[in-house]
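Coordinates from data-v9.csv are shown below (CSV, C-alpha atoms and all ligand atoms).
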chain,number,residue,atom,x,y,z
A,260,MET,CA,-6.0,-12.2,16.1
A,261,ALA,CA,-7.3,-8.7,15.6
A,262,ILE,CA,-8.8,-7.5,12.4
A,263,ALA,CA,-6.8,-4.6,10.9
A,264,VAL,CA,-9.1,-3.6,8.1
A,265,GLU,CA,-12.8,-4.5,7.6
A,266,ILE,CA,-14.6,-3.5,4.4
A,267,TYR,CA,-18.3,-4.3,3.8
A,268,ASP,CA,-20.3,-3.5,0.7
A,269,LEU,CA,-18.2,-0.6,-0.3
A,270,ILE,CA,-19.5,1.4,-3.1
A,271,LYS,CA,-17.9,4.4,-4.7
A,272,PHE,CA,-19.2,6.5,-7.6
A,273,TYR,CA,-17.2,9.2,-9.4
A,274,GLY,CA,-20.1,11.0,-10.9
A,275,LYS,CA,-21.8,8.2,-12.9
A,276,VAL,CA,-18.8,6.0,-12.9
A,277,LYS,CA,-19.1,3.1,-10.4
A,278,ALA,CA,-15.6,2.5,-9.3
A,279,LEU,CA,-16.4,0.1,-6.4
A,280,ASP,CA,-19.3,-2.2,-6.4
A,281,ARG,CA,-20.1,-3.8,-3.0
A,282,LEU,CA,-16.4,-4.5,-2.3
A,283,THR,CA,-16.1,-6.7,0.8
A,284,PHE,CA,-12.9,-8.1,2.5
A,285,LYS,CA,-10.9,-8.2,5.7
A,286,VAL,CA,-7.2,-7.9,6.5
A,287,ASN,CA,-5.9,-9.6,9.6
A,288,GLU,CA,-3.4,-7.8,11.9
A,289,GLY,CA,0.2,-8.5,10.9
A,290,GLU,CA,-0.7,-9.7,7.4
A,291,ILE,CA,0.7,-8.5,4.1
A,292,PHE,CA,-2.3,-8.3,1.9
A,293,GLY,CA,-2.2,-7.6,-1.8
A,294,LEU,CA,-4.8,-6.1,-4.1
A,295,VAL,CA,-4.3,-7.3,-7.7
A,296,GLY,CA,-6.4,-6.3,-10.7
A,297,PRO,CA,-6.3,-4.7,-14.1
A,298,ASN,CA,-6.1,-0.9,-14.7
A,299,GLY,CA,-9.2,0.8,-13.4
A,300,ALA,CA,-10.3,-2.1,-11.2
A,301,GLY,CA,-10.6,0.1,-8.2
A,302,LYS,CA,-7.4,-0.6,-6.2
A,303,THR,CA,-6.3,3.0,-5.7
A,304,THR,CA,-9.9,4.1,-4.9
A,305,THR,CA,-10.0,1.4,-2.2
A,306,LEU,CA,-6.7,2.4,-0.7
A,307,ARG,CA,-7.6,6.1,-0.7
A,308,ILE,CA,-10.8,5.3,1.1
A,309,ILE,CA,-9.0,3.2,3.8
A,310,ALA,CA,-6.5,6.1,4.1
A,311,THR,CA,-9.4,8.6,4.8
A,312,LEU,CA,-8.5,10.6,1.8
A,313,LEU,CA,-11.7,9.8,-0.2
A,314,LYS,CA,-15.3,9.4,1.0
A,315,PRO,CA,-17.2,6.3,0.0
A,316,SER,CA,-20.6,6.6,-1.5
A,317,SER,CA,-21.8,3.8,0.8
A,318,GLY,CA,-20.6,0.9,2.8
A,319,ILE,CA,-18.5,0.4,5.9
A,320,VAL,CA,-14.7,0.7,6.3
A,321,ARG,CA,-13.0,0.2,9.7
A,322,VAL,CA,-9.3,0.4,10.5
A,323,PHE,CA,-8.6,-1.4,13.8
A,324,GLY,CA,-12.2,-0.9,14.7
A,325,TYR,CA,-12.4,2.8,13.8
A,326,ASN,CA,-14.8,3.8,11.2
A,327,VAL,CA,-13.0,5.9,8.5
A,328,ILE,CA,-16.0,8.3,8.2
A,329,GLU,CA,-16.7,8.7,11.9
A,330,LYS,CA,-13.2,8.6,13.3
A,331,PRO,CA,-10.8,9.8,10.5
A,332,GLY,CA,-8.5,11.4,13.1
A,333,GLU,CA,-8.1,8.1,15.0
A,334,VAL,CA,-7.5,6.2,11.8
A,335,ARG,CA,-4.8,8.7,10.7
A,336,LYS,CA,-2.9,8.1,13.9
A,337,LEU,CA,-2.6,4.4,13.0
A,338,ILE,CA,-1.7,4.5,9.3
A,339,SER,CA,0.8,5.7,6.8
A,340,TYR,CA,-0.1,6.0,3.1
A,341,LEU,CA,2.1,5.8,0.1
A,342,PRO,CA,0.3,7.3,-2.9
A,343,GLU,CA,0.6,5.9,-6.4
A,344,GLU,CA,2.2,9.2,-7.5
A,345,ALA,CA,3.6,11.3,-4.8
A,346,GLY,CA,5.3,14.7,-4.9
A,347,ALA,CA,7.8,15.4,-2.2
A,348,TYR,CA,9.2,18.6,-1.0
A,349,ARG,CA,11.4,19.4,-3.9
A,350,PHE,CA,13.8,21.8,-2.2
A,351,LEU,CA,14.5,19.7,0.9
A,352,THR,CA,17.2,17.1,0.8
A,353,GLY,CA,16.1,13.5,1.2
A,354,LYS,CA,17.4,13.6,4.8
A,355,GLU,CA,15.7,16.8,5.7
A,356,TYR,CA,12.4,15.4,4.3
A,357,LEU,CA,12.7,12.3,6.5
A,358,GLU,CA,13.6,14.4,9.5
A,359,PHE,CA,10.7,16.7,8.8
A,360,MET,CA,8.3,13.7,8.6
A,361,GLY,CA,9.8,12.3,11.7
A,362,LYS,CA,8.9,15.5,13.6
A,363,ILE,CA,5.3,15.4,12.4
A,364,TYR,CA,5.0,11.8,13.5
A,365,HIS,CA,7.0,12.3,16.8
A,366,ILE,CA,9.3,9.4,16.1
A,367,PRO,CA,12.7,8.8,17.7
A,368,ARG,CA,16.0,9.6,15.9
A,369,ASP,CA,16.8,5.9,15.3
A,370,PHE,CA,13.6,5.4,13.3
A,371,ILE,CA,14.8,8.2,11.0
A,372,GLU,CA,18.2,6.5,10.7
A,373,GLU,CA,16.3,3.3,9.6
A,374,GLY,CA,14.4,5.4,7.1
A,375,ILE,CA,17.7,6.6,5.6
A,376,GLU,CA,18.8,3.0,5.4
A,377,ILE,CA,15.5,1.9,3.6
A,378,ALA,CA,15.8,4.8,1.1
A,379,SER,CA,19.3,3.5,0.3
A,380,LEU,CA,20.2,6.7,-1.5
A,381,GLY,CA,23.9,6.8,-0.4
A,382,GLY,CA,25.4,10.3,-0.6
A,383,ALA,CA,22.3,11.5,-2.6
A,384,ILE,CA,20.3,11.6,0.7
A,385,ASP,CA,22.0,15.0,1.2
A,386,ARG,CA,20.9,16.3,-2.3
A,387,GLN,CA,17.7,18.2,-3.0
A,388,ILE,CA,14.8,16.0,-3.9
A,389,ARG,CA,14.3,17.8,-7.2
A,390,THR,CA,17.6,16.3,-8.4
A,391,TYR,CA,16.3,12.7,-7.8
A,392,SER,CA,15.2,10.2,-10.4
A,393,LYS,CA,11.7,8.8,-10.2
A,394,GLY,CA,13.0,5.6,-8.6
A,395,MET,CA,15.0,7.6,-6.0
A,396,LYS,CA,11.9,9.6,-5.0
A,397,ARG,CA,9.9,6.4,-4.8
A,398,ARG,CA,12.5,4.9,-2.4
A,399,LEU,CA,12.4,8.0,-0.2
A,400,LEU,CA,8.6,7.9,0.0
A,401,VAL,CA,8.6,4.1,0.8
A,402,ALA,CA,11.1,4.9,3.5
A,403,ARG,CA,8.9,7.6,4.9
A,404,ALA,CA,5.9,5.3,4.9
A,405,LEU,CA,7.7,2.5,6.7
A,406,MET,CA,10.0,4.3,9.1
A,407,VAL,CA,7.1,5.6,11.3
A,408,LYS,CA,6.2,1.9,12.0
A,409,PRO,CA,2.5,2.5,11.5
A,410,ARG,CA,-0.1,-0.1,12.7
A,411,LEU,CA,-1.2,-0.2,9.0
A,412,ALA,CA,0.9,0.7,6.0
A,413,ILE,CA,-1.1,1.4,2.8
A,414,LEU,CA,1.2,1.1,-0.1
A,415,ASP,CA,-0.1,1.9,-3.6
A,416,GLU,CA,2.3,0.2,-6.0
A,417,PRO,CA,5.4,0.5,-3.7
A,418,THR,CA,8.0,-0.7,-6.2
A,419,SER,CA,6.6,0.9,-9.4
A,420,GLY,CA,9.5,2.4,-11.3
A,421,LEU,CA,12.2,0.8,-9.3
A,422,ASP,CA,15.0,-1.2,-10.9
A,423,VAL,CA,15.3,-4.9,-10.1
A,424,ALA,CA,17.8,-4.6,-7.3
A,425,HIS,CA,16.0,-1.7,-5.5
A,426,ALA,CA,12.6,-3.4,-5.9
A,427,LEU,CA,14.0,-6.4,-4.2
A,428,TYR,CA,15.5,-4.3,-1.4
A,429,VAL,CA,12.2,-2.5,-0.9
A,430,ARG,CA,10.2,-5.8,-0.8
A,431,ASN,CA,12.6,-7.1,1.9
A,432,ALA,CA,12.1,-3.8,3.9
A,433,ILE,CA,8.3,-4.2,3.7
A,434,ARG,CA,8.6,-7.8,4.9
A,435,LYS,CA,11.0,-6.9,7.7
A,436,TYR,CA,8.6,-4.1,9.0
A,437,ALA,CA,5.6,-6.4,8.7
A,438,LYS,CA,7.3,-9.3,10.6
A,439,GLU,CA,9.5,-7.5,13.1
A,440,TYR,CA,7.4,-4.6,14.0
A,441,ASN,CA,4.0,-6.1,13.4
A,442,VAL,CA,3.1,-3.5,10.7
A,443,THR,CA,0.0,-4.7,8.8
A,444,VAL,CA,0.5,-4.0,5.1
A,445,ILE,CA,-2.1,-3.6,2.4
A,446,LEU,CA,-0.6,-3.0,-1.0
A,447,SER,CA,-1.5,-2.9,-4.7
A,448,SER,CA,0.8,-4.2,-7.4
A,449,HIS,CA,0.9,-5.2,-11.0
A,450,ASN,CA,3.9,-7.4,-10.5
A,451,MET,CA,2.7,-10.9,-9.8
A,452,LEU,CA,6.2,-12.2,-8.8
A,453,GLU,CA,6.3,-9.4,-6.2
A,454,VAL,CA,2.8,-10.4,-4.9
A,455,GLU,CA,3.8,-14.1,-4.7
A,456,TYR,CA,6.9,-13.2,-2.9
A,457,LEU,CA,5.4,-10.7,-0.4
A,458,CYS,CA,1.8,-11.2,0.3
A,459,ASP,CA,0.3,-13.6,2.8
A,460,ARG,CA,-3.1,-13.3,1.0
A,461,VAL,CA,-4.2,-11.8,-2.2
A,462,ALA,CA,-7.5,-10.3,-3.4
A,463,LEU,CA,-8.3,-10.3,-7.1
A,464,VAL,CA,-10.2,-7.2,-7.9
A,465,ASN,CA,-12.1,-6.5,-11.1
A,466,GLU,CA,-14.6,-3.8,-12.0
A,467,GLY,CA,-14.8,-2.8,-8.3
A,468,ARG,CA,-15.6,-6.3,-7.0
A,469,ILE,CA,-13.6,-9.0,-5.3
A,470,VAL,CA,-13.3,-11.9,-7.7
A,471,ASN,CA,-11.4,-14.2,-5.3
A,472,ILE,CA,-9.3,-14.1,-2.2
A,473,GLY,CA,-6.7,-16.5,-0.8
A,474,THR,CA,-3.0,-17.3,-0.4
A,475,THR,CA,-1.1,-17.6,-3.7
A,476,GLU,CA,-1.1,-21.4,-3.2
A,477,GLU,CA,-4.8,-21.6,-2.7
A,478,LEU,CA,-5.5,-19.4,-5.7
A,479,ILE,CA,-3.2,-21.5,-7.9
A,480,LYS,CA,-5.0,-24.7,-6.8
A,481,ARG,CA,-8.4,-23.2,-7.2
A,482,TYR,CA,-7.7,-22.1,-10.8
A,483,GLY,CA,-5.7,-25.2,-11.6
A,484,VAL,CA,-2.7,-23.2,-12.9
A,485,ARG,CA,1.0,-22.8,-12.2
A,486,ASN,CA,1.5,-19.3,-11.0
A,487,LEU,CA,-0.3,-16.0,-10.0
A,488,GLU,CA,0.1,-14.6,-13.5
A,489,GLU,CA,-2.0,-17.5,-14.8
A,490,VAL,CA,-4.5,-17.0,-12.0
A,491,PHE,CA,-4.9,-13.4,-13.0
A,492,ILE,CA,-5.4,-14.3,-16.7
A,493,LYS,CA,-7.9,-17.1,-15.9
A,494,ALA,CA,-9.8,-15.1,-13.2
A,495,ILE,CA,-9.9,-11.8,-14.9
A,496,GLY,CA,-8.9,-12.4,-18.5
A,497,GLY,CA,-6.5,-10.7,-20.9
A,498,VAL,CA,-6.9,-7.6,-23.0
A,499,VAL,CA,-9.9,-7.8,-25.3
B,501,LIG,P1,-4.6,1.3,-12.0
B,501,LIG,O1,-4.2,-0.2,-11.9
B,501,LIG,O2,-4.6,1.8,-13.4
B,501,LIG,O3,-3.9,2.2,-11.0
B,501,LIG,P2,-6.9,1.1,-10.1
B,501,LIG,O4,-7.3,-0.3,-9.9
B,501,LIG,O5,-6.1,1.7,-9.1
B,501,LIG,O6,-6.2,1.3,-11.6
B,501,LIG,P3,-8.8,3.3,-9.8
B,501,LIG,O7,-7.7,4.4,-10.0
B,501,LIG,O8,-9.2,3.0,-8.4
B,501,LIG,O9,-8.3,1.9,-10.4
B,501,LIG,O10,-10.0,3.6,-10.7
B,501,LIG,C1,-11.2,2.9,-10.6
B,501,LIG,C2,-12.2,3.5,-11.6
B,501,LIG,O11,-12.6,4.8,-11.1
B,501,LIG,C3,-11.7,3.7,-13.0
B,501,LIG,O12,-12.8,3.5,-13.9
B,501,LIG,C4,-11.3,5.1,-13.1
B,501,LIG,O13,-11.5,5.7,-14.4
B,501,LIG,C5,-12.3,5.8,-12.1
B,501,LIG,N1,-11.7,7.0,-11.5
B,501,LIG,C6,-10.7,7.0,-10.6
B,501,LIG,N2,-10.5,8.2,-10.1
B,501,LIG,C7,-11.4,9.0,-10.7
B,501,LIG,C8,-11.7,10.4,-10.6
B,501,LIG,N3,-11.0,11.2,-9.8
B,501,LIG,N4,-12.8,10.9,-11.3
B,501,LIG,C9,-13.5,10.0,-12.1
B,501,LIG,N5,-13.2,8.7,-12.2
B,501,LIG,C10,-12.2,8.2,-11.5
Please go through the file and, once you have read it, give me the structure as structure tokens.
Amino acid sequence: MAIAVEIYDLIKFYGKVKALDRLTFKVNEGEIFGLVGPNGAGKTTTLRIIATLLKPSSGIVRVFGYNVIEKPGEVRKLISYLPEEAGAYRFLTGKEYLEFMGKIYHIPRDFIEEGIEIASLGGAIDRQIRTYSKGMKRRLLVARALMVKPRLAILDEPTSGLDVAHALYVRNAIRKYAKEYNVTVILSSHNMLEVEYLCDRVALVNEGRIVNIGTTEELIKRYGVRNLEEVFIKAIGGVV
């Protein structure tokens, strides 16, 4: 099986702040891979580097064999990125936005129809984005990230701000795209139930380092606990 993402000894400084400290892991093609860790652990920094939006201080990052520093253009052809907080084009309707993105990515009409379905905005798809709630915007952006059927979808907290029903709907959409269209997914999440439900493997990140990696089952066994929340607390600790 091909390797979708390879990261070796990744270091990132923001000024004097060391956000990533020799981070190393691999994501296999077709996998849904979760990054889990406390606030400030370095998840968004890692995802932005993979997405070619941020330069590492040192280390190697490859996406399907392309080095993100040397071949950012090639990498961008293979990925779509959902930022943690994303603005959208306020004066477009949801549908116009998806159509616009569809043109940029040269995708067929039926992909856009699928995007409209994932967004599950009902009649609001024809309203301007500025009238949307936070959760509605999030769904639109998740739809945009998935509908292009990238080789790699980089999703920073995909369901943050979504109600229970819509979060479940989006999780199922992520799963469907991963399994049916062989989209590899790397995501971050603070919701351990979501990670258990979605991710084939999970990396625990703390202070810019990988603390442990495995399937949820493996991690539960390794730490001798009952669920991923308890793994998190045992591996990383609570608030001090
Ligand atoms: P959260 O769960 O809160 O989203 P995270 O795991 O995504 O956190 P990052 O946003 O990657 O963490 O931040 C990692 C570290 O880098 C933190 O110490 C943060 O303060 C710092 N950091 C992030 N972005 C910047 C920036 N633009 N300038 C300076 N420091 C930054």
**Asked** Excluding same-chain residues fewer than 2 positions from segment 315-321 of chain A, what lies within 12 Å of it counting only C-alpha atoms, as a PyMOL selection string?
**Response** chain A and resi 262-286+304-313+323-331+333-335+337+411
For the residues selected in the previous step, produce a file with C-alpha atoms as an mmCIF file, in the frame of the given file.
data_model
loop_
_atom_site.group_PDB
_atom_site.id
_atom_site.type_symbol
_atom_site.label_atom_id
_atom_site.label_comp_id
_atom_site.auth_asym_id
_atom_site.auth_seq_id
_atom_site.Cartn_x
_atom_site.Cartn_y
_atom_site.Cartn_z
ATOM 1 C CA ILE A 262 -8.800 -7.500 12.400
ATOM 2 C CA ALA A 263 -6.800 -4.600 10.900
ATOM 3 C CA VAL A 264 -9.100 -3.600 8.100
ATOM 4 C CA GLU A 265 -12.800 -4.500 7.600
ATOM 5 C CA ILE A 266 -14.600 -3.500 4.400
ATOM 6 C CA TYR A 267 -18.300 -4.300 3.800
ATOM 7 C CA ASP A 268 -20.300 -3.500 0.700
ATOM 8 C CA LEU A 269 -18.200 -0.600 -0.300
ATOM 9 C CA ILE A 270 -19.500 1.400 -3.100
ATOM 10 C CA LYS A 271 -17.900 4.400 -4.700
ATOM 11 C CA PHE A 272 -19.200 6.500 -7.600
ATOM 12 C CA TYR A 273 -17.200 9.200 -9.400
ATOM 13 C CA GLY A 274 -20.100 11.000 -10.900
ATOM 14 C CA LYS A 275 -21.800 8.200 -12.900
ATOM 15 C CA VAL A 276 -18.800 6.000 -12.900
ATOM 16 C CA LYS A 277 -19.100 3.100 -10.400
ATOM 17 C CA ALA A 278 -15.600 2.500 -9.300
ATOM 18 C CA LEU A 279 -16.400 0.100 -6.400
ATOM 19 C CA ASP A 280 -19.300 -2.200 -6.400
ATOM 20 C CA ARG A 281 -20.100 -3.800 -3.000
ATOM 21 C CA LEU A 282 -16.400 -4.500 -2.300
ATOM 22 C CA THR A 283 -16.100 -6.700 0.800
ATOM 23 C CA PHE A 284 -12.900 -8.100 2.500
ATOM 24 C CA LYS A 285 -10.900 -8.200 5.700
ATOM 25 C CA VAL A 286 -7.200 -7.900 6.500
ATOM 26 C CA THR A 304 -9.900 4.100 -4.900
ATOM 27 C CA THR A 305 -10.000 1.400 -2.200
ATOM 28 C CA LEU A 306 -6.700 2.400 -0.700
ATOM 29 C CA ARG A 307 -7.600 6.100 -0.700
ATOM 30 C CA ILE A 308 -10.800 5.300 1.100
ATOM 31 C CA ILE A 309 -9.000 3.200 3.800
ATOM 32 C CA ALA A 310 -6.500 6.100 4.100
ATOM 33 C CA THR A 311 -9.400 8.600 4.800
ATOM 34 C CA LEU A 312 -8.500 10.600 1.800
ATOM 35 C CA LEU A 313 -11.700 9.800 -0.200
ATOM 36 C CA PHE A 323 -8.600 -1.400 13.800
ATOM 37 C CA GLY A 324 -12.200 -0.900 14.700
ATOM 38 C CA TYR A 325 -12.400 2.800 13.800
ATOM 39 C CA ASN A 326 -14.800 3.800 11.200
ATOM 40 C CA VAL A 327 -13.000 5.900 8.500
ATOM 41 C CA ILE A 328 -16.000 8.300 8.200
ATOM 42 C CA GLU A 329 -16.700 8.700 11.900
ATOM 43 C CA LYS A 330 -13.200 8.600 13.300
ATOM 44 C CA PRO A 331 -10.800 9.800 10.500
ATOM 45 C CA GLU A 333 -8.100 8.100 15.000
ATOM 46 C CA VAL A 334 -7.500 6.200 11.800
ATOM 47 C CA ARG A 335 -4.800 8.700 10.700
ATOM 48 C CA LEU A 337 -2.600 4.400 13.000
ATOM 49 C CA LEU A 411 -1.200 -0.200 9.000
#
**Request:** Please identify the residues whose atoms come within 6 Å of ligand LIG 501 (chain B), using all atoms listed in the file, and report them as a PyMOL selection string.
**Result:** chain A and resi 273+278+297-304
**Message:** List as a ChimeraX atom specification the protein and nucleic acid residues near Leu380 of chain A, meaning an atom at most 12 Å away when all atoms listed in the file are counted, but skip any in the same chain fewer than 6 places from it.
**Reply:** /A:352-354,374,386-388,391-392,394-400,402,425,428
Pull the closest atom pair for each residue of segment 265-365 of chain A that gets at most 9 Å from segment 440-444 of chain A, along with the distance in Å to one decimal, counting all atoms listed in the file, ordering rows by chain and then ascending residue number, as JSON lines.
{"residue": "A:Val286", "atom": "CA", "partner": "A:Thr443", "partner_atom": "CA", "distance": 8.2}
{"residue": "A:Asn287", "atom": "CA", "partner": "A:Thr443", "partner_atom": "CA", "distance": 7.7}
{"residue": "A:Glu288", "atom": "CA", "partner": "A:Thr443", "partner_atom": "CA", "distance": 5.5}
{"residue": "A:Gly289", "atom": "CA", "partner": "A:Thr443", "partner_atom": "CA", "distance": 4.3}
{"residue": "A:Glu290", "atom": "CA", "partner": "A:Thr443", "partner_atom": "CA", "distance": 5.2}
{"residue": "A:Ile291", "atom": "CA", "partner": "A:Val444", "partner_atom": "CA", "distance": 4.6}
{"residue": "A:Phe292", "atom": "CA", "partner": "A:Val444", "partner_atom": "CA", "distance": 6.0}
{"residue": "A:Gly293", "atom": "CA", "partner": "A:Val444", "partner_atom": "CA", "distance": 8.2}
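The nearest approach to Arg468 of chain A among the residues A:Lys435, A:Gly346, A:Leu421, A:Ile495, with only C-alpha atoms taken into account, belongs to A:Ile495.
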**Message:** Report, in Å with one decimal, the straight-line distance from atom CA of Val470 of chain A to atom CA of Ile492 of chain A.
**Reply:** 12.2 Å
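What separates atom CA of Ser447 of chain A from atom CA of Asn431 of chain A is a distance of 16.1 Å.
With distances taken over all atoms listed in the file, A:Arg389 is the one residue among A:Lys408, A:Arg389, A:Arg460, A:Arg403 lying closest to Arg349 of chain A.
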**Prompt:** For Ala462 of chain A, which of A:Ala437, A:Asn486, A:Phe491, A:Ala261 is the closest residue, counting all atoms listed in the file?
**Reply:** A:Phe491
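The space separating atom CA of Glu488 of chain A from atom CA of Leu452 of chain A comes to 8.1 Å.
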**Prompt:** Between A:Ala432, A:Asp459, A:Asp415, A:Gly382, which one has atoms that come closest to Leu446 of chain A, using only C-alpha atoms?
**Reply:** A:Asp415
**Prompt:** Nearest to Asn465 of chain A: which of A:Pro342, A:Gly496, A:Pro367, A:Gly332 is it, counting all atoms listed in the file?
**Reply:** A:Gly496
**Item:** Protein and nucleic acid residues near (7.9, 0.6, -10.3) (cut-off 10 Å, only C-alpha atoms) as a PyMOL selection string
**Value:** chain A and resi 343+393-394+397+416-423+425-426+448-450
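Comparing the minimum interatomic distances between Leu427 of chain A and each of A:Val490, A:Leu357, A:Ile479, A:Val454, counting all atoms listed in the file, we find that A:Val454 sits nearest.
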Output: segment 412-427 of chain A of the preceding structure, restricted to N, CA and C atoms, written as a PDB file, in the first residue's frame.
ATOM      1  N   ALA A 412      -7.429  14.486   1.951  1.00  0.00           N
ATOM      2  CA  ALA A 412      -8.219  15.570   2.553  1.00  0.00           C
ATOM      3  C   ALA A 412      -7.623  15.875   3.925  1.00  0.00           C
ATOM      4  N   ILE A 413      -7.296  17.142   4.135  1.00  0.00           N
ATOM      5  CA  ILE A 413      -6.680  17.581   5.396  1.00  0.00           C
ATOM      6  C   ILE A 413      -7.737  18.389   6.129  1.00  0.00           C
ATOM      7  N   LEU A 414      -8.295  17.814   7.164  1.00  0.00           N
ATOM      8  CA  LEU A 414      -9.477  18.417   7.787  1.00  0.00           C
ATOM      9  C   LEU A 414      -9.173  18.820   9.231  1.00  0.00           C
ATOM     10  N   ASP A 415      -9.100  20.132   9.464  1.00  0.00           N
ATOM     11  CA  ASP A 415      -8.797  20.621  10.810  1.00  0.00           C
ATOM     12  C   ASP A 415     -10.120  20.805  11.566  1.00  0.00           C
ATOM     13  N   GLU A 416     -10.365  19.943  12.518  1.00  0.00           N
ATOM     14  CA  GLU A 416     -11.593  19.941  13.321  1.00  0.00           C
ATOM     15  C   GLU A 416     -12.856  20.045  12.443  1.00  0.00           C
ATOM     16  N   PRO A 417     -13.088  19.019  11.618  1.00  0.00           N
ATOM     17  CA  PRO A 417     -14.181  19.104  10.634  1.00  0.00           C
ATOM     18  C   PRO A 417     -15.568  19.338  11.235  1.00  0.00           C
ATOM     19  N   THR A 418     -15.821  18.818  12.426  1.00  0.00           N
ATOM     20  CA  THR A 418     -17.201  18.945  12.950  1.00  0.00           C
ATOM     21  C   THR A 418     -17.301  19.962  14.084  1.00  0.00           C
ATOM     22  N   SER A 419     -16.275  20.791  14.248  1.00  0.00           N
ATOM     23  CA  SER A 419     -16.357  21.747  15.357  1.00  0.00           C
ATOM     24  C   SER A 419     -17.513  22.715  15.110  1.00  0.00           C
ATOM     25  N   GLY A 420     -18.325  22.903  16.116  1.00  0.00           N
ATOM     26  CA  GLY A 420     -19.461  23.813  16.007  1.00  0.00           C
ATOM     27  C   GLY A 420     -20.709  23.206  15.386  1.00  0.00           C
ATOM     28  N   LEU A 421     -20.667  21.925  15.043  1.00  0.00           N
ATOM     29  CA  LEU A 421     -21.863  21.307  14.443  1.00  0.00           C
ATOM     30  C   LEU A 421     -22.735  20.663  15.523  1.00  0.00           C
ATOM     31  N   ASP A 422     -24.044  20.704  15.313  1.00  0.00           N
ATOM     32  CA  ASP A 422     -24.939  20.010  16.244  1.00  0.00           C
ATOM     33  C   ASP A 422     -24.767  18.503  16.067  1.00  0.00           C
ATOM     34  N   VAL A 423     -25.332  17.750  17.003  1.00  0.00           N
ATOM     35  CA  VAL A 423     -25.102  16.299  17.052  1.00  0.00           C
ATOM     36  C   VAL A 423     -25.469  15.625  15.728  1.00  0.00           C
ATOM     37  N   ALA A 424     -26.626  15.970  15.200  1.00  0.00           N
ATOM     38  CA  ALA A 424     -27.098  15.289  13.987  1.00  0.00           C
ATOM     39  C   ALA A 424     -26.215  15.625  12.788  1.00  0.00           C
ATOM     40  N   HIS A 425     -25.863  16.914  12.660  1.00  0.00           N
ATOM     41  CA  HIS A 425     -25.036  17.289  11.517  1.00  0.00           C
ATOM     42  C   HIS A 425     -23.611  16.768  11.652  1.00  0.00           C
ATOM     43  N   ALA A 426     -23.112  16.706  12.888  1.00  0.00           N
ATOM     44  CA  ALA A 426     -21.766  16.143  13.096  1.00  0.00           C
ATOM     45  C   ALA A 426     -21.742  14.696  12.627  1.00  0.00           C
ATOM     46  N   LEU A 427     -22.770  13.951  12.967  1.00  0.00           N
ATOM     47  CA  LEU A 427     -22.861  12.547  12.570  1.00  0.00           C
ATOM     48  C   LEU A 427     -22.935  12.426  11.046  1.00  0.00           C
TER      49      LEU A 427
END
